[in-house]
file target-v2.cif (mmCIF, N, CA and C atoms)
data_target
loop_
_atom_site.label_atom_id
_atom_site.label_comp_id
_atom_site.auth_asym_id
_atom_site.auth_seq_id
_atom_site.Cartn_x
_atom_site.Cartn_y
_atom_site.Cartn_z
N MET A 1 84.91 103.43 98.08
CA MET A 1 84.86 104.82 97.73
C MET A 1 83.51 105.17 97.10
N ARG A 2 82.99 104.24 96.30
CA ARG A 2 81.71 104.50 95.64
C ARG A 2 80.60 104.71 96.68
N ALA A 3 80.62 103.89 97.75
CA ALA A 3 79.61 104.02 98.79
C ALA A 3 79.73 105.35 99.51
N GLU A 4 80.94 105.84 99.65
CA GLU A 4 81.17 107.10 100.36
C GLU A 4 80.91 108.33 99.48
N TYR A 5 81.41 108.29 98.24
CA TYR A 5 81.37 109.48 97.39
C TYR A 5 80.34 109.43 96.26
N GLY A 6 79.73 108.26 96.04
CA GLY A 6 78.67 108.15 95.05
C GLY A 6 79.16 107.76 93.66
N PRO A 7 78.24 107.26 92.82
CA PRO A 7 78.60 106.78 91.49
C PRO A 7 79.03 107.89 90.53
N GLU A 8 78.68 109.13 90.82
CA GLU A 8 79.10 110.21 89.94
C GLU A 8 80.62 110.38 89.94
N LEU A 9 81.24 110.15 91.10
CA LEU A 9 82.69 110.31 91.22
C LEU A 9 83.43 108.99 90.98
N VAL A 10 82.87 107.91 91.50
CA VAL A 10 83.54 106.61 91.40
C VAL A 10 82.69 105.69 90.54
N ASP A 11 82.98 105.68 89.26
CA ASP A 11 82.20 104.91 88.31
C ASP A 11 83.15 104.02 87.49
N HIS A 12 83.73 103.03 88.14
CA HIS A 12 84.66 102.14 87.46
C HIS A 12 84.72 100.79 88.18
N HIS A 13 85.31 99.83 87.53
CA HIS A 13 85.56 98.51 88.12
C HIS A 13 87.05 98.25 88.04
N THR A 14 87.58 97.58 89.04
CA THR A 14 88.99 97.22 89.05
C THR A 14 89.10 95.71 88.90
N PHE A 15 89.88 95.26 87.93
CA PHE A 15 90.10 93.84 87.69
C PHE A 15 91.53 93.48 88.06
N VAL A 16 91.69 92.34 88.73
CA VAL A 16 93.00 91.86 89.16
C VAL A 16 93.16 90.43 88.67
N PHE A 17 94.25 90.15 87.99
CA PHE A 17 94.61 88.79 87.61
C PHE A 17 95.68 88.34 88.59
N CYS A 18 95.41 87.26 89.33
CA CYS A 18 96.37 86.82 90.33
C CYS A 18 96.40 85.29 90.39
N SER A 19 97.44 84.79 91.04
CA SER A 19 97.58 83.34 91.21
C SER A 19 98.07 83.05 92.62
N ASP A 20 98.44 81.82 92.86
CA ASP A 20 98.81 81.38 94.21
C ASP A 20 99.90 82.24 94.84
N GLY A 21 100.96 82.52 94.10
CA GLY A 21 102.07 83.30 94.66
C GLY A 21 101.62 84.68 95.12
N ASP A 22 100.69 85.28 94.39
CA ASP A 22 100.19 86.61 94.77
C ASP A 22 99.41 86.57 96.08
N LEU A 23 98.63 85.53 96.27
CA LEU A 23 97.78 85.46 97.46
C LEU A 23 98.49 84.83 98.66
N MET A 24 99.76 84.47 98.51
CA MET A 24 100.52 83.96 99.65
C MET A 24 101.04 85.10 100.53
N GLU A 25 101.08 86.30 99.99
CA GLU A 25 101.58 87.45 100.73
C GLU A 25 100.49 87.99 101.65
N GLY A 26 100.85 88.29 102.88
CA GLY A 26 99.89 88.76 103.86
C GLY A 26 99.17 90.04 103.47
N ILE A 27 99.90 90.96 102.85
CA ILE A 27 99.30 92.24 102.48
C ILE A 27 98.15 92.07 101.51
N SER A 28 98.21 91.06 100.66
CA SER A 28 97.11 90.85 99.70
C SER A 28 95.82 90.51 100.43
N HIS A 29 95.91 89.76 101.51
CA HIS A 29 94.71 89.39 102.25
C HIS A 29 94.22 90.52 103.15
N GLU A 30 95.14 91.31 103.65
CA GLU A 30 94.71 92.46 104.44
C GLU A 30 93.93 93.44 103.57
N ALA A 31 94.43 93.68 102.35
CA ALA A 31 93.74 94.58 101.42
C ALA A 31 92.40 93.98 100.99
N ALA A 32 92.35 92.68 100.75
CA ALA A 32 91.10 92.02 100.34
C ALA A 32 90.07 92.08 101.46
N SER A 33 90.51 91.90 102.69
CA SER A 33 89.60 91.97 103.83
C SER A 33 89.02 93.37 103.96
N LEU A 34 89.85 94.38 103.80
CA LEU A 34 89.38 95.76 103.87
C LEU A 34 88.41 96.07 102.74
N ALA A 35 88.70 95.60 101.54
CA ALA A 35 87.80 95.82 100.40
C ALA A 35 86.45 95.15 100.65
N GLY A 36 86.46 93.96 101.22
CA GLY A 36 85.20 93.29 101.55
C GLY A 36 84.42 94.05 102.61
N HIS A 37 85.14 94.60 103.59
CA HIS A 37 84.50 95.38 104.65
C HIS A 37 83.85 96.64 104.08
N TRP A 38 84.53 97.27 103.14
CA TRP A 38 84.00 98.48 102.50
C TRP A 38 82.98 98.16 101.42
N ALA A 39 82.77 96.89 101.13
CA ALA A 39 81.85 96.44 100.07
C ALA A 39 82.24 97.05 98.72
N SER A 40 83.54 97.15 98.49
CA SER A 40 84.03 97.70 97.23
C SER A 40 85.02 96.75 96.57
N ALA A 41 84.78 95.46 96.75
CA ALA A 41 85.72 94.46 96.28
C ALA A 41 85.96 94.55 94.77
N PRO A 42 87.23 94.57 94.37
CA PRO A 42 87.52 94.50 92.94
C PRO A 42 87.20 93.11 92.41
N HIS A 43 87.31 92.92 91.13
CA HIS A 43 87.08 91.62 90.51
C HIS A 43 88.42 90.91 90.41
N TYR A 44 88.58 89.83 91.17
CA TYR A 44 89.81 89.04 91.10
C TYR A 44 89.56 87.85 90.17
N ILE A 45 90.45 87.64 89.26
CA ILE A 45 90.45 86.42 88.46
C ILE A 45 91.65 85.64 88.94
N TYR A 46 91.37 84.57 89.67
CA TYR A 46 92.40 83.82 90.40
C TYR A 46 92.71 82.51 89.69
N ASP A 47 93.98 82.31 89.37
CA ASP A 47 94.43 81.07 88.75
C ASP A 47 95.05 80.21 89.85
N ASP A 48 94.32 79.21 90.27
CA ASP A 48 94.79 78.29 91.32
C ASP A 48 95.66 77.23 90.65
N ASN A 49 96.89 77.62 90.29
CA ASN A 49 97.75 76.74 89.50
C ASN A 49 98.71 75.89 90.34
N HIS A 50 98.68 76.04 91.65
CA HIS A 50 99.51 75.26 92.59
C HIS A 50 101.01 75.45 92.35
N ILE A 51 101.42 76.63 91.87
CA ILE A 51 102.83 76.88 91.57
C ILE A 51 103.28 78.18 92.24
N THR A 52 104.45 78.14 92.86
CA THR A 52 105.09 79.34 93.39
C THR A 52 106.54 79.36 92.91
N ILE A 53 107.25 80.41 93.25
CA ILE A 53 108.67 80.49 92.88
C ILE A 53 109.46 79.34 93.48
N ASP A 54 109.08 78.92 94.69
CA ASP A 54 109.81 77.88 95.41
C ASP A 54 109.38 76.47 95.07
N GLY A 55 108.36 76.30 94.28
CA GLY A 55 107.87 74.97 93.93
C GLY A 55 106.37 74.89 94.10
N PRO A 56 105.85 73.69 94.35
CA PRO A 56 104.40 73.53 94.49
C PRO A 56 103.88 74.25 95.74
N THR A 57 102.66 74.75 95.68
CA THR A 57 102.10 75.50 96.81
C THR A 57 101.94 74.65 98.06
N GLU A 58 101.83 73.36 97.89
CA GLU A 58 101.60 72.49 99.05
C GLU A 58 102.71 72.57 100.08
N ILE A 59 103.91 73.05 99.72
CA ILE A 59 105.00 73.14 100.69
C ILE A 59 104.84 74.34 101.63
N THR A 60 104.04 75.32 101.24
CA THR A 60 103.91 76.51 102.09
C THR A 60 102.49 77.02 102.27
N LEU A 61 101.54 76.55 101.48
CA LEU A 61 100.19 77.11 101.50
C LEU A 61 99.18 75.98 101.64
N GLY A 62 98.33 76.09 102.65
CA GLY A 62 97.35 75.03 102.85
C GLY A 62 95.92 75.51 102.98
N ASP A 63 95.71 76.84 102.87
CA ASP A 63 94.34 77.33 103.04
C ASP A 63 93.58 77.30 101.72
N ASP A 64 92.28 77.46 101.82
CA ASP A 64 91.40 77.47 100.65
C ASP A 64 91.09 78.93 100.33
N ALA A 65 91.65 79.43 99.23
CA ALA A 65 91.50 80.86 98.88
C ALA A 65 90.04 81.24 98.68
N VAL A 66 89.24 80.38 98.07
CA VAL A 66 87.83 80.71 97.82
C VAL A 66 87.09 80.86 99.15
N LYS A 67 87.29 79.95 100.08
CA LYS A 67 86.64 80.05 101.39
C LYS A 67 87.12 81.29 102.14
N ARG A 68 88.39 81.62 101.99
CA ARG A 68 88.94 82.80 102.65
C ARG A 68 88.26 84.07 102.12
N PHE A 69 88.10 84.16 100.80
CA PHE A 69 87.45 85.34 100.24
C PHE A 69 85.96 85.36 100.54
N ASP A 70 85.33 84.21 100.65
CA ASP A 70 83.94 84.15 101.13
C ASP A 70 83.84 84.78 102.51
N ALA A 71 84.79 84.44 103.37
CA ALA A 71 84.81 84.97 104.73
C ALA A 71 85.04 86.47 104.76
N TYR A 72 85.71 87.00 103.76
CA TYR A 72 85.93 88.45 103.66
C TYR A 72 84.67 89.19 103.20
N GLY A 73 83.65 88.45 102.80
CA GLY A 73 82.41 89.07 102.34
C GLY A 73 82.34 89.26 100.84
N TRP A 74 83.25 88.62 100.10
CA TRP A 74 83.25 88.73 98.64
C TRP A 74 82.27 87.74 98.03
N HIS A 75 81.78 88.05 96.87
CA HIS A 75 81.03 87.09 96.06
C HIS A 75 82.07 86.26 95.30
N THR A 76 82.00 84.95 95.41
CA THR A 76 82.99 84.10 94.73
C THR A 76 82.27 83.11 93.82
N GLU A 77 82.95 82.78 92.74
CA GLU A 77 82.49 81.76 91.79
C GLU A 77 83.69 80.94 91.39
N THR A 78 83.47 79.67 91.08
CA THR A 78 84.56 78.81 90.61
C THR A 78 84.15 78.13 89.32
N TRP A 79 85.14 77.88 88.51
CA TRP A 79 84.95 77.13 87.26
C TRP A 79 85.96 76.02 87.21
N ALA A 80 85.53 74.86 86.82
CA ALA A 80 86.43 73.71 86.65
C ALA A 80 86.58 73.42 85.17
N ARG A 81 87.75 72.96 84.82
CA ARG A 81 87.97 72.60 83.42
C ARG A 81 87.49 71.22 83.14
#

call {"tool": "encode", "arguments": {"input": "target-v2.cif", "output": "structure tokens"}}
result
Amino acid sequence: MRAEYGPELVDHHTFVFCSDGDLMEGISHEAASLAGHWASAPHYIYDDNHITIDGPTEITLGDDAVKRFDAYGWHTETWAR
């Protein structure tokens, strides 16, 4: 929206706190892909905790979220403990 309407109208940042369960849903990736295409990506703080409602993520999720968001055109950074 900022690219279309300018910083006078759209002067904010959107922050999202999410984890594995949130990014397992298809709609989350469709929205992220569109945001990357529009170059208006919000700031995601992603907790890769390997936990879902059904148990460990390894039973249903095998992709690399950081590489996926790189492919969407997002700037990504990782921190290790």

call {"tool": "atom_distance", "arguments": {"input": "target-v2.cif", "atom1": "atom CA of Ser28 of chain A", "atom2": "atom N of Trp79 of chain A"}}
result
20.9 Å

call {"tool": "select_by_dssp", "arguments": {"input": "target-v2.cif", "residues": "chain A", "states": "strand (DSSP E or B)", "output": "ChimeraX atom specification"}}
result
/A:15-19,43-47,51-52,55-56

call {"tool": "atom_distance", "arguments": {"input": "target-v2.cif", "atom1": "atom C of Cys18 of chain A", "atom2": "atom C of Arg2 of chain A"}}
result
25.8 Å

call {"tool": "atom_distance", "arguments": {"input": "target-v2.cif", "atom1": "atom N of Ile45 of chain A", "atom2": "atom C of Thr76 of chain A"}}
result
10.4 Å

call {"tool": "select_by_dssp", "arguments": {"input": "target-v2.cif", "residues": "chain A", "states": "helix (DSSP H, G or I)", "output": "PyMOL selection string"}}
result
chain A and resi 2-5+20-23+26-37+57-59+65-71

call {"tool": "resolve_selection", "arguments": {"input": "target-v2.cif", "expression": "the PyMOL selection byres ((chain A and resi 5-17) around 7)", "output": "number ranges by chain"}}
result
A: 1-4, 18-19, 41-47

call {"tool": "residues_around", "arguments": {"input": "target-v2.cif", "residues": "Thr57 of chain A", "least_positions_apart": "2", "cutoff": "12 Å", "atoms": "only C-alpha atoms", "output": "PyMOL selection string"}}
result
chain A and resi 19-24+48-55+59-64

call {"tool": "residues_around", "arguments": {"input": "target-v2.cif", "residues": "Ala39 of chain A", "least_positions_apart": "2", "cutoff": "9 Å", "atoms": "only C-alpha atoms", "output": "ChimeraX atom specification"}}
result
/A:3,34-37,41,73-74

call {"tool": "decode", "arguments": {"input": "target-v2.cif", "residues": "segment 10-74 of chain A", "atoms": "C-alpha atoms", "output": "PDB file, in the first residue's frame"}}
result
ATOM      1  CA  VAL A  10       0.732   4.567   4.851  1.00  0.00           C
ATOM      2  CA  ASP A  11       3.291   5.315   7.531  1.00  0.00           C
ATOM      3  CA  HIS A  12       3.384   2.269   9.798  1.00  0.00           C
ATOM      4  CA  HIS A  13       4.982  -1.132  10.317  1.00  0.00           C
ATOM      5  CA  THR A  14       3.132  -4.360  11.010  1.00  0.00           C
ATOM      6  CA  PHE A  15       4.703  -6.893  13.381  1.00  0.00           C
ATOM      7  CA  VAL A  16       3.621 -10.533  13.545  1.00  0.00           C
ATOM      8  CA  PHE A  17       4.640 -13.046  16.205  1.00  0.00           C
ATOM      9  CA  CYS A  18       4.221 -16.549  14.809  1.00  0.00           C
ATOM     10  CA  SER A  19       5.458 -20.107  15.220  1.00  0.00           C
ATOM     11  CA  ASP A  20       5.378 -23.424  13.379  1.00  0.00           C
ATOM     12  CA  GLY A  21       1.640 -24.018  13.749  1.00  0.00           C
ATOM     13  CA  ASP A  22       0.864 -20.615  12.241  1.00  0.00           C
ATOM     14  CA  LEU A  23       3.018 -21.181   9.180  1.00  0.00           C
ATOM     15  CA  MET A  24       1.638 -24.676   8.521  1.00  0.00           C
ATOM     16  CA  GLU A  25      -1.583 -23.154   7.176  1.00  0.00           C
ATOM     17  CA  GLY A  26      -1.634 -22.512   3.435  1.00  0.00           C
ATOM     18  CA  ILE A  27      -3.261 -19.105   3.714  1.00  0.00           C
ATOM     19  CA  SER A  28      -0.322 -17.782   5.734  1.00  0.00           C
ATOM     20  CA  HIS A  29       2.047 -18.524   2.863  1.00  0.00           C
ATOM     21  CA  GLU A  30      -0.273 -17.165   0.213  1.00  0.00           C
ATOM     22  CA  ALA A  31      -0.484 -13.878   2.131  1.00  0.00           C
ATOM     23  CA  ALA A  32       3.300 -13.833   2.695  1.00  0.00           C
ATOM     24  CA  SER A  33       3.942 -14.432  -0.997  1.00  0.00           C
ATOM     25  CA  LEU A  34       1.633 -11.573  -1.937  1.00  0.00           C
ATOM     26  CA  ALA A  35       3.277  -9.261   0.613  1.00  0.00           C
ATOM     27  CA  GLY A  36       6.694 -10.106  -0.833  1.00  0.00           C
ATOM     28  CA  HIS A  37       5.408  -9.435  -4.346  1.00  0.00           C
ATOM     29  CA  TRP A  38       4.071  -6.048  -3.260  1.00  0.00           C
ATOM     30  CA  ALA A  39       7.353  -5.351  -1.404  1.00  0.00           C
ATOM     31  CA  SER A  40       5.322  -4.515   1.687  1.00  0.00           C
ATOM     32  CA  ALA A  41       6.309  -7.439   3.871  1.00  0.00           C
ATOM     33  CA  PRO A  42       5.431  -7.068   7.543  1.00  0.00           C
ATOM     34  CA  HIS A  43       7.986  -7.950  10.202  1.00  0.00           C
ATOM     35  CA  TYR A  44       7.553 -11.584  11.236  1.00  0.00           C
ATOM     36  CA  ILE A  45       9.162 -12.793  14.420  1.00  0.00           C
ATOM     37  CA  TYR A  46       9.119 -16.541  13.950  1.00  0.00           C
ATOM     38  CA  ASP A  47       9.639 -19.021  16.777  1.00  0.00           C
ATOM     39  CA  ASP A  48      10.802 -22.269  15.191  1.00  0.00           C
ATOM     40  CA  ASN A  49       9.874 -24.318  18.260  1.00  0.00           C
ATOM     41  CA  HIS A  50       9.081 -27.613  16.427  1.00  0.00           C
ATOM     42  CA  ILE A  51       5.699 -27.883  18.214  1.00  0.00           C
ATOM     43  CA  THR A  52       2.148 -28.076  16.862  1.00  0.00           C
ATOM     44  CA  ILE A  53      -1.193 -29.026  18.388  1.00  0.00           C
ATOM     45  CA  ASP A  54      -0.716 -32.579  17.081  1.00  0.00           C
ATOM     46  CA  GLY A  55       2.843 -33.017  18.339  1.00  0.00           C
ATOM     47  CA  PRO A  56       6.280 -32.359  16.875  1.00  0.00           C
ATOM     48  CA  THR A  57       6.380 -30.572  13.509  1.00  0.00           C
ATOM     49  CA  GLU A  58       8.389 -33.378  11.951  1.00  0.00           C
ATOM     50  CA  ILE A  59       5.192 -35.460  11.566  1.00  0.00           C
ATOM     51  CA  THR A  60       3.604 -32.960   9.171  1.00  0.00           C
ATOM     52  CA  LEU A  61       6.069 -30.215   8.216  1.00  0.00           C
ATOM     53  CA  GLY A  62       9.344 -30.680   6.402  1.00  0.00           C
ATOM     54  CA  ASP A  63      10.060 -27.405   4.629  1.00  0.00           C
ATOM     55  CA  ASP A  64      12.509 -24.706   5.679  1.00  0.00           C
ATOM     56  CA  ALA A  65      10.489 -21.592   6.590  1.00  0.00           C
ATOM     57  CA  VAL A  66      13.466 -19.228   6.231  1.00  0.00           C
ATOM     58  CA  LYS A  67      14.262 -20.472   2.708  1.00  0.00           C
ATOM     59  CA  ARG A  68      10.580 -20.259   1.811  1.00  0.00           C
ATOM     60  CA  PHE A  69      10.388 -16.618   2.901  1.00  0.00           C
ATOM     61  CA  ASP A  70      13.644 -15.878   1.071  1.00  0.00           C
ATOM     62  CA  ALA A  71      11.940 -17.214  -2.051  1.00  0.00           C
ATOM     63  CA  TYR A  72       9.001 -14.879  -1.430  1.00  0.00           C
ATOM     64  CA  GLY A  73      11.405 -11.939  -1.655  1.00  0.00           C
ATOM     65  CA  TRP A  74      11.536 -11.168   2.078  1.00  0.00           C
TER      66      TRP A  74
END
